[in-house]
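Presented below is the structure to which this report refers.
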Amino acid sequence: MLSNFFSKNEVSVESQKAINAFLDAYRSDIFPQGLLVIAQAVTMVMTKKNILIKMVLPFPCDGQLHNIAEQLSELVQQPVNFDVEYKVQPVREHKIKGIKNIIAVASGKGGVGKSTTAVNLAYGLIAEGCNVGILDADIYGPSVPTMLGLKGAKPSSNDGKLITPLEANGLSAMSIGFLVDDANATVWRGPMASRAFSQLLNETDWPDLDYLIIDMPPGTGDIQLTLAQQVPVAGAVVITTPQDIALADAIKGMAMFEQVKLPVLGIIENMSYHQCENCGHQSHLFGEGGGKRIAEAAKTQLLGQLPLDIRIREDADSGSCAINENSTGEVALLYRNIARNVAAQLYYQLDMRSPTTAKVVVKENK
């Protein structure tokens with residue numbers, strides 16, 4: 001019985017039953033088997049005139065919990081709120097201090113909005129309730145400093161050994177662009193670039209992070225393969241556009257990760273459509289449905305689709321972010337939804353605590 005989860009402290013029996021029934025039946029993309037299946041330490045109490053539901057969850061999802069709370073408030077005709085603690089666990093063992101999970105954001109080719117998506121994904125995860133960092137692995141063309149409004153900024157060191165990452169709106173960041181001029185990095189040979197990236201990852205004094213987003217260099221060449229092999233990445237996200245040529249390169253990107261035995265959490269389709277500012281009509285300028293087709297063919301997830309929107313470009317160039325500028329705007333909500341999907345897929349696909357993880361049953365010989 002779900003009522004066993006909850007305390008009866010001042011909450012009416014009718015409200016308890018209604019909330020129990022709703023949460024028992026609730027299903028969504030990030031809660032395919034329900035919310036309570038993955039929740040721990042669930043209690044329900046009254047605080048003044050509000051019903052407060054407390055629980056512990058394994059991945060951040062503030063946005064969806066806000067929507068659930070609104071539906072519950074309407075159902076029981078009194079305010080309902082969630083008080084959630086997120087306990088994100090590492091899904092892969094490594095020795096990098098402070099970081100629980102590393103997620104690589106990659107693309108088979110340049111020009112698909114990989115870096116912009118990586119930055120907004122990082123901010124989306126922060127907005128959903130967790131601690132996040134970003135590492136710019138694009139040694140030859142670091143763009144993260146500009147997108148974070150930190151171009152020209154230089155990191156410091158507290159002990160003379162480890163680099164202190166820079167911070168932008170709660171996001172811890174490190175990039176070769178903070179250390180050398182762009183022109184210098186572009187003439188480095190592959191081994192030199194790989195060593196520089198390894199130092200950025202391992203010699204940065206990262207704070208406690210639930211997720212570190214790595215903005216990988218575009219393409220599937222030697223440096224991308226080397227980075228994928230050297231870095232203890234938990235899972236990868238592949239960025240594409242609906243164009244056939246971009247889809248072909250995205251497939252190559254997934255093949256690269258398969259070669260190094262790195263799980264692909266899913267695909268994000270960028271520039272999926274252009275929405276008219278005047279009438280709202282959506283035009284599929286680069287094709288339609290490509291991301292979904294290759295996701296199904298690869299038996300992975302389509303994590304979300306993003307519009308071709310001038311505001312995204314303007315925010316990236318100005319060093320701001322859609323989520324920080326307008327947290328309730330359409331674009332911000334799309335990024336937050338994708339962030340939830342990424343965190344959920346990491347949990348369901350790779351976390352041993354997940355209800356989708358196959359359980360090994362050992363039978364005793366009689």
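Chains: A, B, ... in order of the structure tokens. Residues: from 1 per chain. Ligands: from 1, in order shown.
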Among stretch 24-261 of chain A, which residues carry a DSSP assignment of alpha helix (DSSP H), reported as a PyMOL selection string? chain A and resi 24-25+62-76+114-127+144-147+182-185+190-202+222-230+244-259
Excluding stretch 318-332 of chain A and its own-chain neighbours fewer than 5 positions away, which residues fall within 7 Å of it when counting only C-alpha atoms? Please give them as an MDAnalysis selection string. chainID A and resid 120 123:124 146:149 312
Using all heavy atoms, can you export the residues from the last selection as a PDB file, in the first residue's frame?
```pdb
ATOM      1  N   ASN A 120      24.140  24.874 -22.595  1.00  0.00           N
ATOM      2  CA  ASN A 120      22.759  24.961 -22.129  1.00  0.00           C
ATOM      3  C   ASN A 120      22.303  23.691 -21.422  1.00  0.00           C
ATOM      4  O   ASN A 120      21.461  23.742 -20.519  1.00  0.00           O
ATOM      5  CB  ASN A 120      21.832  25.289 -23.297  1.00  0.00           C
ATOM      6  CG  ASN A 120      21.878  26.758 -23.682  1.00  0.00           C
ATOM      7  OD1 ASN A 120      21.330  27.614 -23.003  1.00  0.00           O
ATOM      8  ND2 ASN A 120      22.555  27.055 -24.781  1.00  0.00           N
ATOM      9  N   TYR A 123      23.618  24.165 -17.899  1.00  0.00           N
ATOM     10  CA  TYR A 123      22.750  25.070 -17.143  1.00  0.00           C
ATOM     11  C   TYR A 123      21.385  24.434 -16.866  1.00  0.00           C
ATOM     12  O   TYR A 123      20.771  24.695 -15.829  1.00  0.00           O
ATOM     13  CB  TYR A 123      22.576  26.380 -17.898  1.00  0.00           C
ATOM     14  CG  TYR A 123      23.706  27.360 -17.697  1.00  0.00           C
ATOM     15  CD1 TYR A 123      24.366  27.926 -18.790  1.00  0.00           C
ATOM     16  CD2 TYR A 123      24.119  27.733 -16.425  1.00  0.00           C
ATOM     17  CE1 TYR A 123      25.410  28.833 -18.603  1.00  0.00           C
ATOM     18  CE2 TYR A 123      25.160  28.629 -16.235  1.00  0.00           C
ATOM     19  CZ  TYR A 123      25.794  29.180 -17.329  1.00  0.00           C
ATOM     20  OH  TYR A 123      26.824  30.073 -17.134  1.00  0.00           O
ATOM     21  N   GLY A 124      20.915  23.609 -17.787  1.00  0.00           N
ATOM     22  CA  GLY A 124      19.643  22.921 -17.568  1.00  0.00           C
ATOM     23  C   GLY A 124      19.717  21.974 -16.389  1.00  0.00           C
ATOM     24  O   GLY A 124      18.779  21.884 -15.588  1.00  0.00           O
ATOM     25  N   THR A 146      33.633  32.167 -24.415  1.00  0.00           N
ATOM     26  CA  THR A 146      32.755  33.205 -24.969  1.00  0.00           C
ATOM     27  C   THR A 146      31.320  32.982 -24.561  1.00  0.00           C
ATOM     28  O   THR A 146      30.612  33.920 -24.165  1.00  0.00           O
ATOM     29  CB  THR A 146      32.866  33.225 -26.510  1.00  0.00           C
ATOM     30  OG1 THR A 146      34.202  33.549 -26.884  1.00  0.00           O
ATOM     31  CG2 THR A 146      31.911  34.263 -27.105  1.00  0.00           C
ATOM     32  N   MET A 147      30.859  31.734 -24.631  1.00  0.00           N
ATOM     33  CA  MET A 147      29.464  31.421 -24.323  1.00  0.00           C
ATOM     34  C   MET A 147      29.122  31.629 -22.851  1.00  0.00           C
ATOM     35  O   MET A 147      27.962  31.845 -22.507  1.00  0.00           O
ATOM     36  CB  MET A 147      29.143  29.980 -24.729  1.00  0.00           C
ATOM     37  CG  MET A 147      29.192  29.753 -26.220  1.00  0.00           C
ATOM     38  SD  MET A 147      28.795  28.052 -26.674  1.00  0.00           S
ATOM     39  CE  MET A 147      28.971  28.149 -28.460  1.00  0.00           C
ATOM     40  N   LEU A 148      30.135  31.565 -22.000  1.00  0.00           N
ATOM     41  CA  LEU A 148      29.900  31.778 -20.567  1.00  0.00           C
ATOM     42  C   LEU A 148      30.155  33.224 -20.148  1.00  0.00           C
ATOM     43  O   LEU A 148      30.027  33.559 -18.973  1.00  0.00           O
ATOM     44  CB  LEU A 148      30.799  30.851 -19.733  1.00  0.00           C
ATOM     45  CG  LEU A 148      30.594  29.347 -19.906  1.00  0.00           C
ATOM     46  CD1 LEU A 148      31.524  28.587 -18.963  1.00  0.00           C
ATOM     47  CD2 LEU A 148      29.144  28.944 -19.654  1.00  0.00           C
ATOM     48  N   GLY A 149      30.529  34.066 -21.109  1.00  0.00           N
ATOM     49  CA  GLY A 149      30.847  35.449 -20.766  1.00  0.00           C
ATOM     50  C   GLY A 149      32.165  35.582 -20.044  1.00  0.00           C
ATOM     51  O   GLY A 149      32.375  36.535 -19.287  1.00  0.00           O
ATOM     52  N   ILE A 312      18.863  31.848 -29.282  1.00  0.00           N
ATOM     53  CA  ILE A 312      19.908  30.929 -28.830  1.00  0.00           C
ATOM     54  C   ILE A 312      21.272  31.411 -29.306  1.00  0.00           C
ATOM     55  O   ILE A 312      22.251  31.425 -28.551  1.00  0.00           O
ATOM     56  CB  ILE A 312      19.625  29.498 -29.340  1.00  0.00           C
ATOM     57  CG1 ILE A 312      18.290  28.983 -28.774  1.00  0.00           C
ATOM     58  CG2 ILE A 312      20.766  28.559 -28.960  1.00  0.00           C
ATOM     59  CD1 ILE A 312      17.880  27.632 -29.312  1.00  0.00           C
TER      60      ILE A 312
END
```
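A straight line drawn from atom CA of A:Pro217 to atom CA of A:Glu93 is 24.0 Å long.
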List every residue of stretch 67-288 of chain A that DSSP, applied to the backbone, labels as strand (DSSP E), and write the result as a PyMOL selection string. chain A and resi 80-86+99-106+132-136+166-168+171-175+209-215+235-240+264-269+274-275+282-283
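Proximity to A:Val11 was assessed for A:Val132, A:Ile310, A:Gly289, A:Lys49 counting only C-alpha atoms; the smallest distance is recorded for A:Lys49.
Between A:Ala236 and the residues A:Ile99, A:Ile30, A:Ile223, A:Val105, the shortest atom-to-atom distance, using only C-alpha atoms, involves A:Val105.
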